[in-house]
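Pasting structure22.cif here (mmCIF, C-alpha atoms):
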data_start
loop_
_atom_site.group_PDB
_atom_site.id
_atom_site.type_symbol
_atom_site.label_atom_id
_atom_site.label_comp_id
_atom_site.auth_asym_id
_atom_site.auth_seq_id
_atom_site.Cartn_x
_atom_site.Cartn_y
_atom_site.Cartn_z
ATOM 1 C CA MET I 1499 20.237 94.874 96.709
ATOM 2 C CA ILE I 1500 21.095 93.137 99.993
ATOM 3 C CA ILE I 1501 18.043 91.154 101.009
ATOM 4 C CA GLU I 1502 18.976 88.371 103.389
ATOM 5 C CA GLY I 1503 19.157 89.580 106.975
ATOM 6 C CA GLU I 1504 17.038 92.686 106.404
ATOM 7 C CA PRO I 1505 13.716 92.916 108.224
ATOM 8 C CA SER I 1506 10.865 92.180 105.857
ATOM 9 C CA LEU I 1507 9.042 95.404 106.790
ATOM 10 C CA LYS I 1508 12.105 97.458 105.903
ATOM 11 C CA LYS I 1509 12.311 95.896 102.450
ATOM 12 C CA ILE I 1510 8.621 96.381 101.821
ATOM 13 C CA ALA I 1511 8.815 100.015 102.948
ATOM 14 C CA MET I 1512 11.668 100.592 100.492
ATOM 15 C CA PHE I 1513 9.654 98.938 97.728
ATOM 16 C CA ILE I 1514 6.587 101.067 98.525
ATOM 17 C CA GLU I 1515 8.695 104.236 98.316
ATOM 18 C CA ILE I 1516 9.995 103.279 94.843
ATOM 19 C CA LYS I 1517 6.495 102.255 93.744
ATOM 20 C CA ASN I 1518 5.016 105.559 94.961
ATOM 21 C CA ARG I 1519 7.574 107.493 92.933
ATOM 22 C CA PHE I 1520 6.604 105.456 89.901
ATOM 23 C CA PHE I 1521 2.902 106.246 90.344
ATOM 24 C CA LEU I 1522 3.743 109.910 90.848
ATOM 25 C CA ALA I 1523 5.565 109.768 87.509
ATOM 26 C CA LEU I 1524 2.542 108.078 85.900
ATOM 27 C CA ASN I 1525 0.260 110.849 87.145
ATOM 28 C CA GLN I 1526 2.569 113.485 85.716
ATOM 29 C CA ILE I 1527 2.877 111.925 82.260
ATOM 30 C CA LYS I 1528 -0.801 111.030 81.727
ATOM 31 C CA ASN I 1529 -1.610 114.491 80.345
ATOM 32 C CA ILE I 1530 1.591 114.854 78.318
ATOM 33 C CA GLU I 1531 1.018 114.245 74.603
ATOM 34 C CA SER I 1532 4.612 114.199 73.392
ATOM 35 C CA PRO I 1533 6.131 110.676 73.660
ATOM 36 C CA LEU I 1534 9.579 112.262 73.942
ATOM 37 C CA GLU I 1535 8.518 114.452 76.846
ATOM 38 C CA LYS I 1536 6.826 111.483 78.519
ATOM 39 C CA ASN I 1537 10.050 109.497 78.335
ATOM 40 C CA ARG I 1538 12.056 112.412 79.702
ATOM 41 C CA THR I 1539 9.727 112.833 82.673
ATOM 42 C CA LEU I 1540 9.696 109.107 83.458
ATOM 43 C CA SER I 1541 13.488 108.941 83.114
ATOM 44 C CA SER I 1542 13.852 111.858 85.518
ATOM 45 C CA PHE I 1543 11.884 110.022 88.224
ATOM 46 C CA LYS I 1544 13.796 106.822 87.530
ATOM 47 C CA GLU I 1545 17.192 108.542 87.791
ATOM 48 C CA SER I 1546 16.117 110.141 91.078
ATOM 49 C CA ALA I 1547 15.185 106.707 92.465
ATOM 50 C CA LEU I 1548 18.499 105.224 91.289
ATOM 51 C CA LYS I 1549 20.366 108.024 93.045
ATOM 52 C CA ASP I 1550 18.518 107.483 96.331
ATOM 53 C CA PHE I 1551 18.574 103.670 96.161
ATOM 54 C CA PRO I 1552 21.825 102.842 94.295
ATOM 55 C CA GLU I 1553 21.869 99.192 95.393
ATOM 56 C CA ASP I 1554 18.350 98.561 94.137
ATOM 57 C CA ASN I 1555 18.810 99.243 90.419
ATOM 58 C CA ASP I 1556 17.260 95.917 89.374
ATOM 59 C CA LEU I 1557 14.181 96.523 91.518
ATOM 60 C CA ILE I 1558 13.845 100.054 90.121
ATOM 61 C CA GLU I 1559 14.199 98.701 86.581
ATOM 62 C CA SER I 1560 11.549 96.049 87.329
ATOM 63 C CA ILE I 1561 9.061 98.787 88.257
ATOM 64 C CA PHE I 1562 9.942 101.701 85.960
ATOM 65 C CA GLY I 1563 10.832 99.421 83.045
ATOM 66 C CA LEU I 1564 7.400 97.797 83.035
ATOM 67 C CA ILE I 1565 5.983 100.557 80.815
ATOM 68 C CA GLU I 1566 8.612 99.977 78.113
ATOM 69 C CA PHE I 1567 8.163 96.216 78.496
ATOM 70 C CA ILE I 1568 4.420 96.459 77.823
ATOM 71 C CA GLU I 1569 4.884 98.903 74.943
ATOM 72 C CA THR I 1570 7.509 96.592 73.429
ATOM 73 C CA GLU I 1571 5.123 93.640 73.678
ATOM 74 C CA GLN I 1572 2.421 95.660 71.938
ATOM 75 C CA ARG I 1573 4.835 96.694 69.176
ATOM 76 C CA LEU I 1574 5.895 93.067 68.742
ATOM 77 C CA THR I 1575 2.274 91.947 68.372
ATOM 78 C CA LYS I 1576 1.568 94.613 65.724
ATOM 79 C CA LEU I 1577 4.740 93.736 63.845
ATOM 80 C CA ARG I 1578 3.799 90.067 63.680
ATOM 81 C CA GLN I 1579 0.361 90.991 62.361
ATOM 82 C CA GLY I 1580 1.690 93.490 59.801
ATOM 83 C CA LYS I 1581 2.146 93.079 56.067
ATOM 84 C CA GLU I 1582 5.940 93.200 56.053
ATOM 85 C CA THR I 1583 7.769 90.089 54.881
ATOM 86 C CA ILE I 1584 9.429 87.774 57.378
ATOM 87 C CA GLU I 1585 12.837 88.995 56.211
ATOM 88 C CA GLN I 1586 11.871 92.619 56.887
ATOM 89 C CA LYS I 1587 10.500 91.787 60.310
ATOM 90 C CA GLU I 1588 13.119 89.341 61.528
ATOM 91 C CA GLN I 1589 15.823 91.680 62.818
ATOM 92 C CA GLU I 1590 13.377 94.086 64.437
ATOM 93 C CA ILE I 1591 11.594 91.174 66.134
ATOM 94 C CA ILE I 1592 14.916 89.960 67.536
ATOM 95 C CA GLU I 1593 15.740 93.425 68.908
ATOM 96 C CA LEU I 1594 12.292 93.795 70.470
ATOM 97 C CA LYS I 1595 12.594 90.363 72.108
ATOM 98 C CA LYS I 1596 15.964 91.377 73.562
ATOM 99 C CA LYS I 1597 14.289 94.380 75.178
ATOM 100 C CA LEU I 1598 11.718 92.088 76.767
ATOM 101 C CA VAL I 1599 14.441 89.781 78.068
ATOM 102 C CA ARG I 1600 16.364 92.685 79.649
ATOM 103 C CA TRP I 1601 13.360 93.564 81.809
ATOM 104 C CA GLN I 1602 12.763 89.912 82.701
ATOM 105 C CA LEU I 1603 16.422 89.514 83.725
ATOM 106 C CA ALA I 1604 16.233 92.544 86.036
ATOM 107 C CA LEU I 1605 13.213 91.078 87.820
ATOM 108 C CA ALA I 1606 14.809 87.611 87.918
ATOM 109 C CA ARG I 1607 17.922 89.036 89.604
ATOM 110 C CA VAL I 1608 15.741 90.618 92.309
ATOM 111 C CA LEU I 1609 14.076 87.260 93.004
ATOM 112 C CA ILE I 1610 17.357 85.328 92.927
ATOM 113 C CA LYS I 1611 18.652 87.478 95.781
ATOM 114 C CA THR I 1612 15.687 86.910 98.078
ATOM 115 C CA GLN I 1613 14.172 84.068 100.031
ATOM 116 C CA ASP I 1614 11.751 86.458 101.739
ATOM 117 C CA ARG I 1615 8.323 85.295 100.632
ATOM 118 C CA GLN I 1616 6.470 88.294 102.049
ATOM 119 C CA PHE I 1617 8.624 90.703 100.076
ATOM 120 C CA ALA I 1618 8.344 88.637 96.874
ATOM 121 C CA GLU I 1619 4.577 88.252 97.223
ATOM 122 C CA ASN I 1620 4.208 92.004 97.693
ATOM 123 C CA LEU I 1621 6.413 92.626 94.654
ATOM 124 C CA TRP I 1622 4.432 90.315 92.346
ATOM 125 C CA TYR I 1623 1.097 91.682 93.585
ATOM 126 C CA ASN I 1624 2.092 95.265 92.805
ATOM 127 C CA LEU I 1625 3.750 94.497 89.462
ATOM 128 C CA ASP I 1626 0.606 92.677 88.385
ATOM 129 C CA ASN I 1627 -1.547 95.648 89.389
ATOM 130 C CA ILE I 1628 0.756 98.082 87.601
ATOM 131 C CA SER I 1629 0.534 95.940 84.473
ATOM 132 C CA LYS I 1630 -3.281 95.931 84.689
ATOM 133 C CA ARG I 1631 -3.337 99.707 85.108
ATOM 134 C CA ILE I 1632 -1.128 100.273 82.068
ATOM 135 C CA SER I 1633 -2.365 97.574 79.684
ATOM 136 C CA GLY I 1634 -5.589 96.256 81.176
ATOM 137 C CA LYS I 1635 -4.137 92.809 81.864
ATOM 138 C CA GLY I 1636 -1.786 91.172 84.345
ATOM 139 C CA LEU I 1637 1.579 89.531 83.774
ATOM 140 C CA GLY I 1638 0.068 86.077 83.216
ATOM 141 C CA ALA I 1639 2.320 83.489 81.583
ATOM 142 C CA LYS I 1640 5.336 85.827 81.735
ATOM 143 C CA ARG I 1641 5.383 85.266 85.477
ATOM 144 C CA LEU I 1642 5.606 81.491 85.004
ATOM 145 C CA GLY I 1643 8.592 81.886 82.690
ATOM 146 C CA ILE I 1644 10.489 84.092 85.153
ATOM 147 C CA ILE I 1645 9.727 81.860 88.136
ATOM 148 C CA GLY I 1646 10.858 78.792 86.170
ATOM 149 C CA GLN I 1647 14.190 80.364 85.296
ATOM 150 C CA VAL I 1648 14.739 81.638 88.849
ATOM 151 C CA GLY I 1649 13.749 78.259 90.298
ATOM 152 C CA VAL I 1650 16.254 76.330 88.198
ATOM 153 C CA TYR I 1651 18.953 78.908 88.997
ATOM 154 C CA LYS I 1652 18.350 78.516 92.745
ATOM 155 C CA THR I 1653 18.310 74.734 92.406
ATOM 156 C CA LEU I 1654 21.689 74.662 90.673
ATOM 157 C CA GLU I 1655 23.142 76.920 93.370
ATOM 158 C CA LYS I 1656 21.846 74.591 96.085
ATOM 159 C CA ILE I 1657 23.648 71.602 94.554
ATOM 160 C CA GLY I 1658 26.963 73.450 94.407
ATOM 161 C CA LEU I 1659 27.031 74.860 90.863
ATOM 162 C CA ASN I 1660 27.503 78.507 89.829
ATOM 163 C CA PRO I 1661 24.846 79.300 87.207
ATOM 164 C CA LEU I 1662 24.763 82.498 85.180
ATOM 165 C CA MET I 1663 21.691 84.092 83.633
ATOM 166 C CA ALA I 1664 21.985 84.025 79.847
ATOM 167 C CA GLU I 1665 22.474 87.350 78.084
ATOM 168 C CA PRO I 1666 19.584 88.649 75.912
ATOM 169 C CA GLU I 1667 21.375 87.557 72.715
ATOM 170 C CA GLU I 1668 21.817 84.018 74.067
ATOM 171 C CA ASP I 1669 18.224 83.876 75.247
ATOM 172 C CA VAL I 1670 16.576 85.190 72.068
ATOM 173 C CA VAL I 1671 18.821 83.750 69.362
ATOM 174 C CA GLU I 1672 20.243 80.613 70.965
ATOM 175 C CA LYS I 1673 17.224 79.814 73.205
ATOM 176 C CA ILE I 1674 19.494 79.440 76.237
ATOM 177 C CA ASP I 1675 18.188 80.448 79.682
ATOM 178 C CA LEU I 1676 21.181 79.612 81.886
ATOM 179 C CA ILE I 1677 24.909 79.068 81.416
ATOM 180 C CA VAL I 1678 26.730 76.877 83.950
ATOM 181 C CA PRO I 1679 30.531 76.511 84.139
ATOM 182 C CA LEU I 1680 31.310 72.850 84.781
ATOM 183 C CA SER I 1681 34.386 70.946 85.882
ATOM 184 C CA LYS I 1682 37.152 69.881 83.496
ATOM 185 C CA GLY I 1683 36.766 72.955 81.276
ATOM 186 C CA LYS I 1684 33.213 72.133 80.242
ATOM 187 C CA MET I 1685 30.064 74.202 80.431
ATOM 188 C CA ALA I 1686 26.333 73.586 80.284
ATOM 189 C CA ALA I 1687 23.710 75.515 78.353
ATOM 190 C CA ILE I 1688 20.277 75.072 79.887
ATOM 191 C CA GLN I 1689 16.841 75.633 78.442
ATOM 192 C CA VAL I 1690 13.944 75.784 80.909
ATOM 193 C CA LYS I 1691 10.346 74.837 80.214
ATOM 194 C CA TYR I 1692 8.055 75.597 83.147
ATOM 195 C CA SER I 1693 4.384 75.117 82.408
ATOM 196 C CA ASP I 1694 1.099 74.208 84.058
ATOM 197 C CA LYS I 1695 0.448 71.987 81.018
ATOM 198 C CA LEU I 1696 3.275 69.606 81.943
ATOM 199 C CA LYS I 1697 3.111 66.798 84.473
ATOM 200 C CA GLY I 1698 6.133 65.850 86.533
ATOM 201 C CA PHE I 1699 9.646 67.175 86.111
ATOM 202 C CA GLY I 1700 13.075 66.138 84.944
ATOM 203 C CA VAL I 1701 16.317 66.982 83.198
ATOM 204 C CA ARG I 1702 17.503 65.533 79.907
ATOM 205 C CA GLU I 1703 20.716 66.108 78.018
ATOM 206 C CA VAL I 1704 19.739 67.156 74.494
ATOM 207 C CA ASN I 1705 22.019 64.548 72.932
ATOM 208 C CA GLU I 1706 19.524 61.956 74.209
ATOM 209 C CA ILE I 1707 16.633 63.558 72.318
ATOM 210 C CA LYS I 1708 15.917 62.412 68.778
ATOM 211 C CA TYR I 1709 12.958 63.492 66.672
ATOM 212 C CA PRO I 1710 10.280 62.187 66.293
ATOM 213 C CA SER I 1711 10.617 60.211 69.549
ATOM 214 C CA VAL I 1712 8.704 62.375 72.012
ATOM 215 C CA ARG I 1713 8.350 59.964 74.937
ATOM 216 C CA ILE I 1714 10.837 60.096 77.777
ATOM 217 C CA LEU I 1715 10.764 58.608 81.238
ATOM 218 C CA SER I 1716 11.220 60.961 84.181
ATOM 219 C CA SER I 1717 10.211 60.896 87.833
ATOM 220 C CA ASN I 1718 8.701 57.461 87.165
ATOM 221 C CA GLN I 1719 6.273 58.996 84.683
ATOM 222 C CA GLU I 1720 6.195 58.753 80.914
ATOM 223 C CA LEU I 1721 5.944 62.256 79.497
ATOM 224 C CA ASN I 1722 4.967 63.361 76.013
ATOM 225 C CA PHE I 1723 6.350 66.425 74.293
ATOM 226 C CA ALA I 1724 4.936 68.199 71.280
ATOM 227 C CA SER I 1725 7.046 68.399 68.125
ATOM 228 C CA PHE I 1726 7.543 72.103 68.938
ATOM 229 C CA ASP I 1727 9.357 71.147 72.152
ATOM 230 C CA ILE I 1728 11.455 68.519 70.393
ATOM 231 C CA ASN I 1729 12.462 71.097 67.785
ATOM 232 C CA GLY I 1730 13.519 73.410 70.625
ATOM 233 C CA MET I 1731 15.700 70.684 72.091
ATOM 234 C CA LEU I 1732 17.295 69.955 68.731
ATOM 235 C CA HIS I 1733 17.909 73.679 68.206
ATOM 236 C CA LEU I 1734 19.713 73.815 71.566
ATOM 237 C CA LYS I 1735 21.730 70.757 70.563
ATOM 238 C CA GLU I 1736 22.893 72.502 67.369
ATOM 239 C CA ARG I 1737 23.738 75.704 69.222
ATOM 240 C CA CYS I 1738 25.807 73.804 71.797
ATOM 241 C CA HIS I 1739 27.739 72.113 69.002
ATOM 242 C CA GLU I 1740 28.405 75.480 67.320
ATOM 243 C CA ARG I 1741 29.431 77.105 70.591
ATOM 244 C CA SER I 1742 31.781 74.200 71.400
ATOM 245 C CA LYS I 1743 33.633 74.763 68.123
ATOM 246 C CA MET I 1744 33.708 78.524 68.618
ATOM 247 C CA ILE I 1745 35.149 78.590 72.170
ATOM 248 C CA GLY I 1746 37.119 75.330 72.066
ATOM 249 C CA LYS I 1747 35.280 73.872 75.068
ATOM 250 C CA THR I 1748 32.716 71.123 75.410
ATOM 251 C CA VAL I 1749 29.271 72.698 75.799
ATOM 252 C CA ARG I 1750 26.588 70.267 76.941
ATOM 253 C CA GLY I 1751 22.956 71.163 76.466
ATOM 254 C CA PHE I 1752 20.310 70.298 79.026
ATOM 255 C CA TYR I 1753 16.545 70.632 78.779
ATOM 256 C CA VAL I 1754 14.902 71.185 82.182
ATOM 257 C CA PHE I 1755 11.160 70.671 82.278
ATOM 258 C CA CYS I 1756 8.785 70.951 85.192
ATOM 259 C CA THR I 1757 5.164 71.556 85.949
ATOM 260 C CA SER I 1758 4.062 74.670 87.803
ATOM 261 C CA GLY I 1759 4.155 74.040 91.531
ATOM 262 C CA ILE I 1760 7.719 72.718 91.566
ATOM 263 C CA PHE I 1761 8.866 76.217 92.569
ATOM 264 C CA ASP I 1762 7.372 78.660 95.055
ATOM 265 C CA PRO I 1763 5.120 80.967 92.970
ATOM 266 C CA TYR I 1764 6.645 84.107 94.497
ATOM 267 C CA THR I 1765 10.312 83.423 95.318
ATOM 268 C CA GLY I 1766 11.063 80.530 92.959
ATOM 269 C CA GLU I 1767 12.395 78.392 95.833
ATOM 270 C CA PRO I 1768 12.535 74.770 94.570
ATOM 271 C CA ARG I 1769 10.914 71.678 96.026
ATOM 272 C CA GLN I 1770 13.245 69.147 97.626
ATOM 273 C CA ASP I 1771 12.383 66.343 95.189
ATOM 274 C CA PHE I 1772 13.371 68.543 92.245
ATOM 275 C CA ILE I 1773 16.677 69.406 93.929
ATOM 276 C CA LYS I 1774 17.402 65.698 94.314
ATOM 277 C CA GLU I 1775 16.602 65.064 90.625
ATOM 278 C CA CYS I 1776 19.068 67.751 89.541
ATOM 279 C CA GLU I 1777 21.646 66.566 92.034
ATOM 280 C CA LYS I 1778 21.500 63.121 90.458
ATOM 281 C CA ILE I 1779 21.864 64.463 86.909
ATOM 282 C CA PHE I 1780 24.673 66.925 87.676
ATOM 283 C CA LYS I 1781 26.454 64.776 90.287
ATOM 284 C CA GLU I 1782 29.555 64.296 88.132
ATOM 285 C CA PHE I 1783 30.087 68.068 88.012
ATOM 286 C CA THR I 1784 29.727 68.789 91.724
ATOM 287 C CA GLN I 1785 32.270 66.343 93.106
#

Whole structure given in structure tokens:
Amino acid sequence: MIIEGEPSLKKIAMFIEIKNRFFLALNQIKNIESPLEKNRTLSSFKESALKDFPEDNDLIESIFGLIEFIETEQRLTKLRQGKETIEQKEQEIIELKKKLVRWQLALARVLIKTQDRQFAENLWYNLDNISKRISGKGLGAKRLGIIGQVGVYKTLEKIGLNPLMAEPEEDVVEKIDLIVPLSKGKMAAIQVKYSDKLKGFGVREVNEIKYPSVRILSSNQELNFASFDINGMLHLKERCHERSKMIGKTVRGFYVFCTSGIFDPYTGEPRQDFIKECEKIFKEFTQ
């Protein structure tokens, strides 16, 4: 989808047209009892939208895929509460999480391509309402996670790097959010933590993190991390080491943490002070 340079009203009109087709599909499937027939009807509307708006496949997936996303979340919750053993659940849980990540990546790609706040605000408002209509609740914390990933992606682009969104397998199994090719045949694997429970922001290479030391200094503030976060950093450290051996390149792991408010809540555009922090950390790779 080409966003920059298009009039905002034109983009919003296109979005409204896709959204209206989605609601028309919802109205048609509400009285259909067969899950198979429901999926066929929804797929028919989705394919029609893809045909008419071929450059907007990620936006169409963000809207039409929201039903499957919510159903997958509900299935995941039931599975975790079920009586099956961890071993029986593990592979299915991984596959369900990959489905969730695929939808999140489609929406993230839409946001990465736009700086138009009006369009992004309209998009989030409608997705939240669609979610409430289907499940009775909004997107909530899922929105924070997507904005955090998009915000770090945009930041890295602004300082001259070429980030890539991690594939579902990398995200779910390796806990990697972004992959960044670096100079001298190296690459970075980045994990993002974006939360309203954090204060401040910063970037730390995972080799610097050692359990149980949970205090680090960033942005002139001393921050505390829970053991859960430290375990996540150590997991990323192990994965980077394994990946380095597998591909024969140095893979450096970075943990990016920031409080909500560092990025625009609709577009993910980063604050200038966060850009400067990342520029300082990644300076050696941008020269």

Might you pull out every residue within 7 Å of Val1701 of chain I, with all atoms listed in the file counted and same-chain residues fewer than 5 positions away left off, and present them as an mmCIF file with C-alpha atoms, in the frame of the given file?
data_model
loop_
_atom_site.group_PDB
_atom_site.id
_atom_site.type_symbol
_atom_site.label_atom_id
_atom_site.label_comp_id
_atom_site.auth_asym_id
_atom_site.auth_seq_id
_atom_site.Cartn_x
_atom_site.Cartn_y
_atom_site.Cartn_z
ATOM 1 C CA PHE I 1752 20.310 70.298 79.026
ATOM 2 C CA TYR I 1753 16.545 70.632 78.779
ATOM 3 C CA VAL I 1754 14.902 71.185 82.182
ATOM 4 C CA PHE I 1755 11.160 70.671 82.278
ATOM 5 C CA CYS I 1776 19.068 67.751 89.541
#

Next on the checklist: To one decimal place in Å, what is the distance between atom CA of Lys1695 of chain I and atom CA of Leu1637 of chain I?
Outcome noted: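 The value is 17.8 Å.
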
Item to check | Asp1554 of chain I environment, 10 Å, all atoms listed in the file, sequence neighbours closer than 2 positions dropped, as a list of chain:residue names | outcome: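 Close residues of Asp1554 of chain I: I:Met1499, I:Ile1500, I:Met1512, I:Phe1513, I:Ile1516, I:Ala1547, I:Leu1548, I:Lys1549, I:Asp1550, I:Phe1551, I:Pro1552, I:Asp1556, I:Leu1557, I:Ile1558, I:Glu1559, I:Ser1560, I:Val1608.
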
Next on the checklist: Nearest residue to Glu1665 of chain I out of I:Arg1769, I:Arg1702, I:Lys1536, I:Lys1595, using all atoms listed in the file?
Outcome noted: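 Among the listed residues, the smallest separation from Glu1665 of chain I belongs to I:Lys1595.
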
Checklist outcome for this item: Of I:Ile1628, I:Glu1515, I:Gln1526, I:Glu1531, the one nearest to Ile1561 of chain I when counting all atoms listed in the file is I:Ile1628

Checklist entry - How many Å lie between atom CA of Glu1593 of chain I and atom CA of Arg1578 of chain I, rounded to one decimal? => result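 Atom CA of Arg1578 of chain I lies 13.5 Å from atom CA of Glu1593 of chain I.
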
Checklist outcome for this item: Closest of I:Ile1510, I:Leu1734, I:Leu1524, I:Val1749 to Ala1618 of chain I, counting all atoms listed in the file, is I:Ile1510
